[in-house]
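The structure file final_34.cif is reproduced below (mmCIF, C-alpha atoms and all ligand atoms).
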```cif
data_work
loop_
_atom_site.label_atom_id
_atom_site.label_comp_id
_atom_site.auth_asym_id
_atom_site.auth_seq_id
_atom_site.Cartn_x
_atom_site.Cartn_y
_atom_site.Cartn_z
CA GLU A 475 7.05 -29.45 -24.33
CA PRO A 476 8.19 -29.62 -20.71
CA VAL A 477 5.99 -27.72 -18.29
CA THR A 478 7.93 -25.11 -16.38
CA ASP A 479 7.46 -25.51 -12.66
CA LEU A 480 7.93 -22.36 -10.65
CA SER A 481 5.93 -23.46 -7.62
CA GLY A 482 7.40 -22.09 -4.40
CA LYS A 483 9.10 -19.27 -6.34
CA CYS A 484 8.25 -15.58 -6.07
CA VAL A 485 8.35 -13.59 -9.31
CA ILE A 486 8.16 -9.79 -9.46
CA VAL A 487 7.08 -8.38 -12.83
CA THR A 488 7.04 -4.66 -13.62
CA ALA A 489 4.76 -3.54 -16.45
CA GLY A 490 3.44 -0.49 -18.22
CA PRO A 491 4.70 3.07 -18.42
CA THR A 492 5.48 5.46 -15.61
CA ARG A 493 3.81 8.85 -15.42
CA GLU A 494 5.94 11.82 -14.38
CA PRO A 495 3.89 14.88 -13.37
CA MET A 496 4.57 18.43 -14.46
CA ASP A 497 1.62 20.08 -12.71
CA PRO A 498 -1.67 18.78 -11.27
CA VAL A 499 -3.13 18.07 -14.75
CA ARG A 500 -0.11 17.21 -16.95
CA PHE A 501 2.50 14.48 -17.12
CA LEU A 502 5.23 12.90 -19.25
CA THR A 503 4.75 9.27 -20.23
CA ASN A 504 5.24 6.77 -23.10
CA ARG A 505 3.35 4.28 -25.27
CA SER A 506 3.68 1.17 -23.12
CA SER A 507 0.32 -0.62 -22.80
CA GLY A 508 1.46 -3.12 -20.18
CA LYS A 509 0.55 -6.08 -22.43
CA MET A 510 4.04 -7.66 -22.41
CA GLY A 511 4.38 -7.43 -18.62
CA TYR A 512 0.85 -8.67 -17.92
CA ALA A 513 1.42 -11.65 -20.25
CA LEU A 514 4.58 -12.46 -18.27
CA ALA A 515 2.68 -12.25 -14.99
CA GLU A 516 0.09 -14.70 -16.35
CA ALA A 517 2.71 -17.11 -17.67
CA ALA A 518 4.58 -17.06 -14.34
CA ARG A 519 1.31 -17.68 -12.49
CA ASP A 520 0.49 -20.58 -14.82
CA ALA A 521 3.90 -22.04 -13.98
CA GLY A 522 2.90 -22.02 -10.31
CA ALA A 523 4.81 -18.97 -9.08
CA GLU A 524 3.60 -16.43 -6.57
CA VAL A 525 3.45 -13.28 -8.71
CA VAL A 526 3.70 -9.63 -7.71
CA LEU A 527 2.79 -7.39 -10.64
CA ILE A 528 4.01 -3.83 -10.16
CA SER A 529 2.10 -1.83 -12.70
CA GLY A 530 2.14 1.68 -14.09
CA PRO A 531 -1.17 3.14 -15.30
CA VAL A 532 -2.65 0.79 -17.92
CA SER A 533 -6.16 -0.25 -18.93
CA LEU A 534 -5.74 -4.00 -18.44
CA GLU A 535 -7.52 -6.21 -15.96
CA THR A 536 -5.58 -7.71 -13.08
CA PRO A 537 -4.78 -11.33 -13.95
CA TYR A 538 -6.53 -13.81 -11.65
CA GLY A 539 -4.37 -14.96 -8.76
CA VAL A 540 -1.77 -12.23 -9.19
CA ARG A 541 -1.04 -9.55 -6.57
CA ARG A 542 -1.06 -6.21 -8.33
CA VAL A 543 0.57 -3.08 -6.92
CA ASP A 544 -0.33 0.14 -8.76
CA VAL A 545 2.26 2.90 -9.07
CA GLY A 546 2.52 6.17 -10.97
CA THR A 547 6.06 7.53 -11.05
CA ALA A 548 9.49 5.90 -11.42
CA ASP A 549 10.13 6.75 -7.75
CA GLU A 550 6.99 4.89 -6.69
CA MET A 551 7.89 1.92 -8.89
CA LEU A 552 11.36 1.79 -7.30
CA ASP A 553 9.86 1.80 -3.78
CA ALA A 554 7.40 -0.96 -4.68
CA VAL A 555 10.11 -3.15 -6.24
CA LEU A 556 12.47 -2.70 -3.27
CA ARG A 557 9.68 -3.55 -0.81
CA ASP A 558 9.17 -7.04 -2.29
CA LEU A 559 12.74 -7.63 -3.50
CA PRO A 560 13.97 -9.56 -0.44
CA ARG A 561 11.36 -12.29 -1.08
CA ALA A 562 11.84 -12.48 -4.84
CA ASP A 563 13.54 -15.27 -6.75
CA VAL A 564 13.06 -13.57 -10.11
CA VAL A 565 12.60 -9.92 -11.10
CA ILE A 566 11.40 -9.22 -14.66
CA LYS A 567 11.55 -5.59 -15.71
CA ALA A 568 9.16 -5.23 -18.64
CA ALA A 569 8.06 -1.72 -17.63
CA ALA A 570 8.96 1.27 -19.76
CA VAL A 571 10.25 3.54 -17.00
CA ALA A 572 10.66 7.22 -17.86
CA ASP A 573 14.36 8.11 -18.01
CA TYR A 574 13.64 11.79 -17.25
CA ARG A 575 11.00 13.71 -15.34
CA PRO A 576 10.13 17.41 -15.06
CA ALA A 577 12.65 18.87 -12.62
CA GLN A 578 9.95 20.98 -10.99
CA VAL A 579 6.38 19.96 -10.33
CA ALA A 580 4.11 23.00 -10.13
CA ASP A 581 1.52 23.05 -7.32
CA TYR A 582 -0.97 24.83 -9.59
CA LYS A 583 -1.85 24.36 -13.25
CA ILE A 584 0.80 26.08 -15.37
CA LYS A 585 -0.75 29.02 -17.27
CA LYS A 586 0.10 29.71 -20.88
CA SER A 587 2.19 32.82 -21.35
CA GLY A 588 4.80 33.34 -24.10
CA GLU A 589 5.03 31.63 -27.52
CA GLU A 590 7.53 29.12 -26.22
CA MET A 591 8.03 27.24 -23.03
CA VAL A 592 11.03 25.31 -21.77
CA VAL A 593 10.61 22.36 -19.42
CA ARG A 594 13.75 21.27 -17.63
CA LEU A 595 14.05 17.53 -17.07
CA GLU A 596 16.10 15.55 -14.57
CA ARG A 597 17.02 11.87 -14.42
CA THR A 598 14.77 9.37 -12.69
CA PRO A 599 16.26 6.54 -10.60
CA ASP A 600 17.26 3.49 -12.64
CA ILE A 601 15.28 0.70 -11.02
CA ALA A 602 16.98 -2.19 -12.80
CA GLU A 603 20.42 -0.81 -11.88
CA GLU A 604 19.39 -0.51 -8.21
CA VAL A 605 18.07 -4.09 -8.21
CA GLY A 606 21.29 -5.21 -9.92
CA ARG A 607 23.31 -3.66 -7.09
CA ARG A 608 21.28 -5.33 -4.34
CA LYS A 609 20.80 -8.68 -6.06
CA GLN A 610 21.51 -11.78 -3.96
CA SER A 611 23.25 -14.78 -5.53
CA HIS A 612 20.06 -16.86 -5.84
CA GLN A 613 18.08 -14.05 -7.50
CA LEU A 614 17.65 -13.80 -11.27
CA LEU A 615 17.27 -10.34 -12.82
CA VAL A 616 15.72 -10.19 -16.28
CA GLY A 617 15.62 -6.86 -18.10
CA PHE A 618 14.15 -5.67 -21.34
CA ALA A 619 15.72 -3.37 -23.89
CA ALA A 620 13.67 -1.32 -26.32
CA GLU A 621 16.11 -0.39 -29.05
CA THR A 622 15.89 1.17 -32.50
CA ASP A 623 19.44 0.42 -33.71
CA HIS A 624 22.59 -1.51 -32.70
CA VAL A 625 20.20 -3.80 -30.82
CA GLU A 626 22.71 -6.43 -29.66
CA THR A 627 25.44 -3.97 -28.63
CA TYR A 628 23.11 -1.70 -26.66
CA ALA A 629 21.31 -4.65 -25.07
CA GLN A 630 24.61 -6.21 -23.93
CA ASP A 631 25.74 -2.84 -22.56
CA LYS A 632 22.58 -2.60 -20.45
CA LEU A 633 22.88 -6.20 -19.27
CA LYS A 634 26.40 -5.58 -17.95
CA ARG A 635 25.84 -2.09 -16.56
CA LYS A 636 22.70 -3.19 -14.65
CA ASN A 637 24.12 -6.57 -13.55
CA MET A 638 21.26 -8.49 -15.23
CA ASP A 639 21.28 -12.22 -15.85
CA LEU A 640 19.21 -12.07 -19.02
CA ILE A 641 18.09 -9.26 -21.28
CA VAL A 642 15.19 -9.42 -23.72
CA ALA A 643 15.77 -7.10 -26.66
CA ASN A 644 12.95 -5.90 -28.87
CA ASP A 645 13.79 -3.90 -31.98
CA VAL A 646 10.93 -1.42 -31.71
CA THR A 647 11.31 -0.31 -35.34
CA GLN A 648 10.15 -3.71 -36.62
CA PRO A 649 6.44 -3.98 -37.40
CA GLY A 650 4.83 -6.35 -34.91
CA ALA A 651 7.42 -5.70 -32.19
CA GLY A 652 7.51 -3.59 -29.04
CA PHE A 653 4.95 -1.14 -27.72
CA GLU A 654 1.15 -1.42 -27.82
CA GLY A 655 0.50 -4.33 -30.20
CA ASP A 656 -0.44 -7.91 -29.31
CA THR A 657 2.76 -9.41 -30.77
CA ASN A 658 6.47 -9.06 -30.16
CA ILE A 659 9.75 -10.11 -31.78
CA VAL A 660 12.50 -10.69 -29.23
CA THR A 661 16.06 -11.90 -28.88
CA VAL A 662 17.43 -12.87 -25.48
CA TYR A 663 21.06 -12.44 -24.44
CA ASP A 664 23.10 -13.38 -21.41
CA ARG A 665 26.70 -12.38 -20.62
CA ASP A 666 28.04 -14.84 -23.15
CA GLY A 667 25.84 -13.76 -26.06
CA GLU A 668 22.61 -14.77 -27.75
CA VAL A 669 20.61 -17.50 -26.00
CA LEU A 670 17.21 -17.38 -27.71
CA ARG A 671 15.81 -15.76 -30.84
CA LEU A 672 12.06 -15.90 -31.39
CA PRO A 673 10.03 -15.09 -34.49
CA LYS A 674 6.99 -12.84 -34.38
CA LEU A 675 4.65 -14.36 -31.77
CA SER A 676 1.78 -13.20 -29.60
CA LYS A 677 2.96 -11.56 -26.39
CA ARG A 678 1.26 -14.42 -24.56
CA GLU A 679 3.43 -16.97 -26.40
CA VAL A 680 6.59 -14.86 -26.04
CA ALA A 681 5.85 -14.74 -22.31
CA ARG A 682 5.43 -18.53 -22.09
CA ARG A 683 8.77 -19.10 -23.83
CA LEU A 684 10.55 -16.54 -21.64
CA ILE A 685 9.16 -18.10 -18.47
CA GLY A 686 10.36 -21.47 -19.81
CA LEU A 687 13.87 -20.13 -20.23
CA ILE A 688 13.82 -18.45 -16.81
CA GLY A 689 12.66 -21.73 -15.23
CA GLU A 690 15.58 -23.59 -16.84
CA ARG A 691 18.07 -21.01 -15.60
CA LEU A 692 16.63 -21.09 -12.10
CA HIS A 693 16.74 -24.87 -11.86
CA ALA A 694 20.28 -25.02 -13.27
CA ARG A 695 21.57 -23.05 -10.25
O1 LIG A 701 3.80 -2.55 -22.60
P1 LIG A 701 3.72 -2.99 -24.05
O2 LIG A 701 2.89 -2.03 -24.88
O3 LIG A 701 3.29 -4.43 -24.21
O4 LIG A 701 5.20 -2.88 -24.68
C1 LIG A 701 6.22 -3.73 -24.23
C2 LIG A 701 7.57 -2.99 -24.07
C3 LIG A 701 8.07 -2.55 -25.44
C4 LIG A 701 7.40 -1.76 -23.16
C5 LIG A 701 8.54 -4.02 -23.42
O5 LIG A 701 8.66 -5.14 -24.25
C6 LIG A 701 9.93 -3.39 -23.18
O6 LIG A 701 10.81 -3.41 -24.01
N1 LIG A 701 10.12 -2.83 -21.95
C7 LIG A 701 11.32 -2.09 -21.58
C8 LIG A 701 11.26 -0.76 -22.23
C9 LIG A 701 12.41 0.11 -21.80
O7 LIG A 701 12.22 1.03 -21.05
O8 LIG A 701 13.60 -0.23 -22.23
P2 LIG A 701 14.95 0.57 -21.91
O9 LIG A 701 15.91 0.06 -22.91
O10 LIG A 701 14.70 2.06 -21.86
O11 LIG A 701 15.33 0.11 -20.44
C10 LIG A 701 16.14 -1.03 -20.18
C11 LIG A 701 15.74 -1.74 -18.91
O12 LIG A 701 15.99 -0.90 -17.76
C12 LIG A 701 14.30 -2.13 -18.85
O13 LIG A 701 14.21 -3.39 -18.25
C13 LIG A 701 13.67 -1.04 -17.98
O14 LIG A 701 12.54 -1.55 -17.26
C14 LIG A 701 14.81 -0.70 -17.04
N2 LIG A 701 14.79 0.70 -16.56
C15 LIG A 701 14.94 1.74 -17.42
C16 LIG A 701 14.97 3.05 -16.94
C17 LIG A 701 14.81 3.27 -15.55
N3 LIG A 701 14.81 4.51 -15.05
N4 LIG A 701 14.66 2.21 -14.73
C18 LIG A 701 14.65 0.95 -15.21
O15 LIG A 701 14.52 -0.02 -14.44
#
```

Exercise: express the given structure as structure tokens:
Amino acid sequence: EPVTDLSGKCVIVTAGPTREPMDPVRFLTNRSSGKMGYALAEAARDAGAEVVLISGPVSLETPYGVRRVDVGTADEMLDAVLRDLPRADVVIKAAAVADYRPAQVADYKIKKSGEEMVVRLERTPDIAEEVGRRKQSHQLLVGFAAETDHVETYAQDKLKRKNMDLIVANDVTQPGAGFEGDTNIVTVYDRDGEVLRLPKLSKREVARRLIGLIGERLHAR
């Protein structure tokens, strides 16, 4: 197997969930453990890249030799990504960014009152879309898509809307794929269709294969 060489390249990886506060003690989040993103950071490092790992709150150790930037909210993740974007050759968006956040953040702990409570949500910024808008011609943007149905159609929609070069779709209804576990089952698409379909593999192995593909694409430019 050819060894991917990414020396001299800067790779930004986003990983984990975001955490959107409602009051000082409560927040909205999701099941992302960060494992997929951290495995990608390690694989990119092993290929010789300089790696910036922009991470939501997870309980994983920082991979050796990787610069980790901790963030909480989608807004903070956007700022962190944009700060390093000018230097990046590759941006891999494995984070599960909240699509909505509480529209109001209370300064004090919200007290219980009636039998029901309504929380109004508003959209968060779409980080991948913003990166897609600012992308320079030498930069490669790789997104993920966590889908439960119509996987290929929805993944292709996201790829085009967010101006991505590659999108990694995981069907999160399949056992052994998606959030939390140590394995994943992914299919990769570009604008022309399917480019790689992998069986169930450890996230570490999935990451190695994805970095291999990204290396090929980068060197073909
Ligand atoms: O962390 P693990 O437990 O290992 O799980 C891995 C994973 C399932 C989280 C990962 O493999 C994955 O699929 N990550 C993307 C999950 C997701 O949010 O997918 P999406 O289809 O909602 O978003 C599509 C793309 O847009 C993603 O690249 C996402 O990072 C990006 N996005 C989404 C919303 C938003 N506001 N900003 C974004 O940048």

| task | Check the smallest atom-to-atom distance from each of A:Leu595, A:Pro495, A:Ala562, A:Ala515 to Asp549 (chain A) using only C-alpha atoms, then report the winner. | result | A:Pro495

| said: Residues near Gly650 (chain A), anyone? I mean within 9 Å using only C-alpha atoms, not counting same-chain ones fewer than 6 positions away, as an MDAnalysis selection string. | reply: chainID A and resid 656:659 674:675

| query | Which residues come within 9 Å of Asn644 (chain A), counting all atoms listed in the file, excluding same-chain residues fewer than 6 positions away, as a list in words? | reply | Phe618, Ala619, Ala620, Glu621, Thr622, Val625, Ala651, Gly652, Asn658, Ile659, Val660, Thr661 and Val662 of chain A

Grab me every residue within 6 Å of ligand LIG 701 (chain A), counting only C-alpha atoms and all ligand atoms, and send it over as a PDB file with C-alpha atoms, in the frame of the given file.
```
ATOM      1  CA  GLY A 490       3.440  -0.490 -18.220  1.00  0.00           C
ATOM      2  CA  SER A 506       3.680   1.170 -23.120  1.00  0.00           C
ATOM      3  CA  SER A 507       0.320  -0.620 -22.800  1.00  0.00           C
ATOM      4  CA  GLY A 508       1.460  -3.120 -20.180  1.00  0.00           C
ATOM      5  CA  LYS A 509       0.550  -6.080 -22.430  1.00  0.00           C
ATOM      6  CA  MET A 510       4.040  -7.660 -22.410  1.00  0.00           C
ATOM      7  CA  LYS A 567      11.550  -5.590 -15.710  1.00  0.00           C
ATOM      8  CA  ALA A 568       9.160  -5.230 -18.640  1.00  0.00           C
ATOM      9  CA  ALA A 569       8.060  -1.720 -17.630  1.00  0.00           C
ATOM     10  CA  ALA A 570       8.960   1.270 -19.760  1.00  0.00           C
ATOM     11  CA  VAL A 571      10.250   3.540 -17.000  1.00  0.00           C
ATOM     12  CA  ALA A 572      10.660   7.220 -17.860  1.00  0.00           C
ATOM     13  CA  ASP A 573      14.360   8.110 -18.010  1.00  0.00           C
ATOM     14  CA  THR A 598      14.770   9.370 -12.690  1.00  0.00           C
ATOM     15  CA  PRO A 599      16.260   6.540 -10.600  1.00  0.00           C
ATOM     16  CA  ASP A 600      17.260   3.490 -12.640  1.00  0.00           C
ATOM     17  CA  ILE A 601      15.280   0.700 -11.020  1.00  0.00           C
ATOM     18  CA  ALA A 602      16.980  -2.190 -12.800  1.00  0.00           C
ATOM     19  CA  GLY A 617      15.620  -6.860 -18.100  1.00  0.00           C
ATOM     20  CA  PHE A 618      14.150  -5.670 -21.340  1.00  0.00           C
ATOM     21  CA  ALA A 619      15.720  -3.370 -23.890  1.00  0.00           C
ATOM     22  CA  ALA A 620      13.670  -1.320 -26.320  1.00  0.00           C
ATOM     23  CA  ASN A 644      12.950  -5.900 -28.870  1.00  0.00           C
ATOM     24  CA  GLY A 652       7.510  -3.590 -29.040  1.00  0.00           C
ATOM     25  CA  PHE A 653       4.950  -1.140 -27.720  1.00  0.00           C
ATOM     26  CA  GLU A 654       1.150  -1.420 -27.820  1.00  0.00           C
TER      27      GLU A 654
END
```

| request: Tell me which protein, DNA and RNA residues are within 12 Å of Val592 (chain A), counting all atoms listed in the file, leaving out same-chain ones fewer than 2 positions away, and put them as an NGL selection string. | output: :A and (496 or 576-578 or 586-590 or 594-595)

| message | Here's a test: counting all atoms listed in the file, identify every protein, DNA and RNA residue with an atom at most 10 Å from (3.3, -16.7, -20.6) in the file's coordinate frame, and state them as JSON, numbers by chain. | response | {"A": [510, 511, 512, 513, 514, 515, 516, 517, 518, 519, 520, 521, 676, 677, 678, 679, 680, 681, 682, 683, 684, 685, 686]}

| said: I need the residue nearest Ile584 (chain A) from this list: A:Lys634, A:Ala548, A:Pro498, A:Leu614. Use only C-alpha atoms for the distance. | reply: A:Pro498

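What separates CA of Tyr663 (chain A) from CA of Arg597 (chain A) is a distance of 26.6 Å.
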
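In this structure, CA of Thr492 (chain A) sits 23.0 Å away from CA of Pro560 (chain A).
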
| Leaving out region 608-610 of chain A and any residue of its chain fewer than 4 positions from it, which residues lie within 9 Å of it when counting all atoms listed in the file, given as a ChimeraX atom specification? | /A:559-560,603-604,614-615,637

| Of the candidates A:Lys583, A:Arg557, A:Lys483, A:Arg505, which one gets nearest to Val525 (chain A) if we count all atoms listed in the file? | A:Lys483

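Straight-line separation from CA of Thr478 (chain A) to CA of Val555 (chain A): 24.3 Å.
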
| message | Measuring between all atoms listed in the file, which one of A:Asp645, A:Asp639, A:Glu494, A:Asp563 shows the shortest distance to Pro531 (chain A)? | response | A:Glu494

| request: With only C-alpha atoms counted, which protein, DNA or RNA residues have an atom no more than 12 Å from (16.4, -27.8, -11.2) in the file frame? Please answer as a VMD selection string. | output: chain A and resid 478 to 481 688 to 695
